[in-house]
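Participant: Coordinates in entry.cif, mmCIF, C-alpha atoms, are listed below.
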```cif
data_entry
#
loop_
_atom_site.label_atom_id
_atom_site.label_comp_id
_atom_site.auth_asym_id
_atom_site.auth_seq_id
_atom_site.Cartn_x
_atom_site.Cartn_y
_atom_site.Cartn_z
CA MET A 1 4.34 -0.83 16.08
CA ASN A 2 6.59 -3.78 16.76
CA ASP A 3 9.04 -4.23 13.88
CA GLN A 4 10.57 -7.44 15.18
CA PRO A 5 10.48 -10.50 12.92
CA VAL A 6 7.51 -12.75 13.54
CA ALA A 7 8.30 -16.11 15.11
CA PRO A 8 6.98 -18.99 12.98
CA SER A 9 5.92 -20.82 16.14
CA PRO A 10 7.09 -20.98 19.77
CA GLU A 11 9.25 -24.04 19.17
CA ASP A 12 11.01 -22.53 16.15
CA THR A 13 13.93 -20.24 16.75
CA ALA A 14 12.77 -16.71 16.05
CA LEU A 15 15.27 -14.01 15.20
CA ASP A 16 15.35 -10.54 16.69
CA ALA A 17 15.92 -7.67 14.31
CA ASP A 18 19.11 -6.93 16.25
CA ALA A 19 20.36 -10.52 16.45
CA PRO A 20 22.83 -11.88 13.91
CA LEU A 21 21.26 -14.23 11.38
CA ASP A 22 22.51 -17.82 11.60
CA GLU A 23 26.15 -17.07 12.35
CA ALA A 24 26.73 -20.64 13.44
CA GLU A 25 25.35 -22.01 10.19
CA GLY A 26 27.30 -19.60 8.00
CA ASN A 27 24.27 -18.73 5.85
CA ASP A 28 25.21 -15.22 4.85
CA ARG A 29 22.84 -14.64 1.97
CA TYR A 30 19.14 -14.05 2.47
CA PHE A 31 16.62 -13.93 -0.36
CA LEU A 32 13.81 -11.50 0.54
CA CYS A 33 10.31 -12.02 -0.87
CA VAL A 34 7.40 -9.68 -0.37
CA VAL A 35 4.29 -11.72 0.45
CA ASP A 36 0.75 -11.11 -0.77
CA SER A 37 -2.10 -13.23 -2.10
CA SER A 38 -1.20 -13.12 -5.79
CA LYS A 39 -0.26 -16.12 -7.94
CA GLU A 40 2.98 -14.42 -8.93
CA CYS A 41 3.91 -14.11 -5.26
CA ARG A 42 3.76 -17.88 -4.86
CA ASN A 43 6.04 -18.26 -7.89
CA ALA A 44 8.50 -15.71 -6.53
CA ILE A 45 8.63 -17.48 -3.16
CA TYR A 46 9.10 -20.86 -4.81
CA PHE A 47 11.90 -19.46 -7.00
CA ALA A 48 13.62 -17.86 -4.00
CA ALA A 49 13.21 -21.02 -1.91
CA CYS A 50 14.79 -23.12 -4.67
CA ARG A 51 17.67 -20.68 -5.19
CA ALA A 52 18.30 -20.33 -1.47
CA SER A 53 18.23 -24.09 -0.97
CA ARG A 54 20.56 -24.76 -3.89
CA THR A 55 23.05 -22.02 -3.03
CA GLY A 56 23.23 -22.38 0.76
CA GLY A 57 21.18 -19.26 1.39
CA ARG A 58 18.08 -18.62 3.46
CA LEU A 59 14.69 -17.13 2.78
CA ALA A 60 13.05 -14.14 4.44
CA LEU A 61 9.40 -13.26 3.88
CA LEU A 62 8.02 -9.75 4.34
CA PHE A 63 4.33 -8.93 4.70
CA MET A 64 3.58 -5.23 4.41
CA MET A 65 0.55 -3.66 6.02
CA GLU A 66 -0.85 -0.40 4.77
CA PRO A 67 -0.55 2.36 7.37
CA ALA A 68 -3.71 2.77 9.41
CA GLU A 69 -5.72 5.76 8.26
CA PHE A 70 -8.41 5.71 10.91
CA GLN A 71 -7.17 8.18 13.51
CA HIS A 72 -10.36 9.46 15.09
CA TRP A 73 -10.11 7.24 18.15
CA MET A 74 -6.71 5.87 19.09
CA SER A 75 -8.15 2.74 20.73
CA VAL A 76 -10.06 1.84 17.56
CA GLU A 77 -6.98 2.48 15.42
CA GLU A 78 -4.84 0.31 17.70
CA LYS A 79 -7.43 -2.50 17.64
CA MET A 80 -7.54 -2.35 13.82
CA ARG A 81 -3.74 -2.47 13.71
CA GLU A 82 -3.65 -5.50 16.03
CA GLU A 83 -6.23 -7.35 13.92
CA ALA A 84 -4.32 -6.55 10.72
CA ARG A 85 -1.10 -7.81 12.28
CA GLU A 86 -2.76 -11.07 13.37
CA GLU A 87 -4.05 -11.59 9.83
CA ALA A 88 -0.57 -10.86 8.46
CA GLU A 89 1.02 -13.36 10.83
CA ASP A 90 -1.52 -16.05 9.87
CA PHE A 91 -0.87 -15.37 6.20
CA LEU A 92 2.90 -15.58 6.71
CA GLN A 93 2.53 -18.83 8.66
CA GLN A 94 0.87 -20.45 5.65
CA TYR A 95 3.75 -19.47 3.37
CA ALA A 96 6.33 -20.39 6.01
CA SER A 97 4.90 -23.91 6.21
CA GLN A 98 5.07 -24.21 2.43
CA VAL A 99 8.69 -22.97 2.39
CA GLN A 100 9.60 -25.49 5.07
CA GLU A 101 8.15 -28.27 2.90
CA TRP A 102 10.17 -27.06 -0.09
CA THR A 103 13.48 -26.40 1.68
CA GLY A 104 13.40 -28.14 5.05
CA GLU A 105 14.00 -24.78 6.78
CA MET A 106 11.71 -22.16 8.26
CA PRO A 107 12.11 -18.72 6.70
CA THR A 108 12.63 -15.57 8.70
CA LEU A 109 9.35 -13.67 8.84
CA TYR A 110 8.77 -9.93 8.97
CA VAL A 111 5.62 -7.85 9.29
CA ARG A 112 6.05 -4.15 8.63
CA GLU A 113 3.76 -1.20 8.18
CA GLY A 114 4.42 1.54 5.69
CA LYS A 115 4.84 2.43 2.06
CA PRO A 116 6.18 -0.60 0.17
CA SER A 117 9.39 0.71 -1.41
CA GLU A 118 10.38 2.66 1.70
CA THR A 119 9.62 -0.32 3.94
CA ILE A 120 11.69 -2.70 1.81
CA LEU A 121 14.63 -0.28 1.69
CA ALA A 122 14.51 0.21 5.47
CA LEU A 123 14.53 -3.55 6.09
CA ILE A 124 17.45 -4.07 3.69
CA GLU A 125 19.39 -1.29 5.40
CA GLU A 126 18.60 -2.73 8.82
CA GLU A 127 19.43 -6.33 7.89
CA PRO A 128 22.67 -6.45 5.87
CA ARG A 129 22.44 -10.19 5.17
CA ILE A 130 19.47 -9.61 2.87
CA SER A 131 21.29 -9.64 -0.43
CA ILE A 132 18.66 -10.35 -3.10
CA LEU A 133 15.08 -9.14 -3.49
CA VAL A 134 12.80 -11.54 -5.37
CA LEU A 135 9.52 -10.20 -6.75
CA GLY A 136 6.80 -11.83 -8.81
CA ALA A 137 5.62 -10.08 -11.97
CA GLY A 138 1.90 -10.14 -12.63
CA THR A 139 0.55 -11.34 -15.94
CA GLU A 140 -2.41 -9.00 -16.15
CA LYS A 141 -2.85 -6.52 -19.01
CA LYS A 142 -2.43 -3.63 -16.57
CA GLY A 143 1.23 -4.50 -16.01
CA PRO A 144 3.53 -6.44 -13.71
CA GLY A 145 2.17 -4.85 -10.53
CA PRO A 146 2.89 -1.64 -8.63
CA LEU A 147 5.81 -3.01 -6.62
CA VAL A 148 7.58 -4.47 -9.65
CA SER A 149 6.92 -1.28 -11.62
CA SER A 150 8.31 0.89 -8.83
CA ILE A 151 11.29 -1.15 -7.66
CA GLY A 152 12.08 -3.03 -10.86
CA GLY A 153 11.61 0.06 -13.00
CA LYS A 154 11.99 3.53 -11.54
CA MET A 155 14.23 2.59 -8.60
CA SER A 156 16.20 -0.32 -10.07
CA GLY A 157 19.35 1.66 -10.87
CA LYS A 158 19.48 3.06 -7.34
CA PHE A 159 18.50 -0.09 -5.48
CA PRO A 160 21.18 -1.34 -3.02
CA ILE A 161 20.87 -5.07 -3.87
CA PRO A 162 20.08 -7.15 -6.98
CA ILE A 163 16.42 -7.60 -7.86
CA THR A 164 15.13 -10.82 -9.40
CA ILE A 165 11.74 -10.57 -11.08
CA VAL A 166 10.02 -13.92 -11.59
CA PRO A 167 7.38 -14.04 -14.35
CA GLY A 168 4.00 -14.99 -12.91
CA HIS A 169 3.14 -17.36 -15.75
CA LEU A 170 5.97 -19.84 -15.04
CA THR A 171 5.14 -23.30 -13.74
CA PHE A 172 7.01 -24.84 -10.82
CA GLU A 173 8.64 -27.22 -13.31
CA GLN A 174 9.94 -24.28 -15.34
CA ILE A 175 11.19 -22.61 -12.17
CA ASP A 176 12.96 -25.84 -11.20
CA MET A 177 14.77 -25.80 -14.54
CA LEU A 178 15.83 -22.17 -14.02
CA THR A 179 17.09 -22.57 -10.49
#
```
Could you spell out this file's structure in structure tokens?
Facilitator:
Amino acid sequence: MNDQPVAPSPEDTALDADAPLDEAEGNDRYFLCVVDSSKECRNAIYFAACRASRTGGRLALLFMMEPAEFQHWMSVEEKMREEAREEAEDFLQQYASQVQEWTGEMPTLYVREGKPSETILALIEEEPRISILVLGAGTEKKGPGPLVSSIGGKMSGKFPIPITIVPGHLTFEQIDMLT
């Protein structure tokens, strides 16, 4: 599996996982958002984009794919993985375009496969300029969501960077006032 960041488009400058992030620009702080299709995700990305823009930071978006479980035929498993990665890249492109509208800058994009908390920790360890994790909390009766419950709850005291949890019920106007 290729764990390199996904280039937003050929004309945009893509970053290798091993390349330094924006040394020339001096943007040392990256806000990392985990991307999915939830409403609270959009709020978390908007919050992170506003904070990054107002504090001279940058935004990184991470889409996590579940590990492939179909292992009967390797060629079928690889085809399924490729299709899932293409869908992830398309999904990230949509958010990247929105972030560019909000901030004027393209975010760094990552697609990773694995268990969510382990995947996030590995990326943070690998990329030391990621200094804040921003998650959206769901508003459903069943709780804030599995990622927020895991990272914001059980792991929060052991997590290597600050975690910002954005309530899913906030409006963009309320987020603007907070950032």
Participant: Select, from A:Thr55, A:Ala122, A:Leu147, A:Lys115, the residue with the minimum atom-to-atom distance to Asp36 (chain A), counting only C-alpha atoms.
Facilitator: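 When distances to Asp36 (chain A) are compared using only C-alpha atoms, the smallest one comes from A:Leu147.
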Participant: Please indicate the distance in Å from CA of Gly56 (chain A) to CA of Val134 (chain A), rounded to one decimal place.
Facilitator: 16.2 Å
Participant: Find the residues near Ala44 (chain A): any atom within 10 Å, counting only C-alpha atoms, skip ones fewer than 6 places away on the same chain, and give them as a PyMOL selection string.
Facilitator: chain A and resi 32-35+50+133-137+164-168+170+175
Participant: Any chance you could work out the residue set of the PyMOL selection byres ((chain A and resi 104) around 12) here, as a list in words?
Facilitator: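 Going through the file, the PyMOL selection byres ((chain A and resi 104) around 12) ends up selecting Ala49, Cys50, Ala52, Ser53, Arg54, Arg58, Leu59, Ala96, Ser97, Gln98, Val99, Gln100, Glu101, Trp102, Thr103, Glu105, Met106 and Pro107 of chain A.
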Participant: So which residues are close to (2.3, -1.7, 9.2), meaning at most 8 Å away in the file's coordinates with all atoms listed in the file counted, and can you show them as an NGL selection string?
Facilitator: :A and (1 or 64-68 or 81 or 85 or 111-114)
Participant: Between CA of Ser117 (chain A) and CA of Ile132 (chain A), what is the distance, to one decimal in Å?
Facilitator: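 Between these atoms lies a distance of 14.5 Å.
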Participant: May I ask for the distance between CA of Glu77 (chain A) and CA of Pro146 (chain A), given in Å to one decimal place?
Facilitator: 26.3 Å
Participant: Need to verify the contact set: His169 (chain A), 12 Å, all atoms listed in the file, exclusion of same-chain residues closer than 4 positions in sequence. Can you return it as number ranges by chain?
Facilitator: A: 38-44, 136-140, 144, 165, 173-175
Participant: Tell me which of A:Arg29, A:Lys79, A:Arg51, A:Lys141 sits closest to Met177 (chain A), counting all atoms listed in the file.
Facilitator: A:Arg51
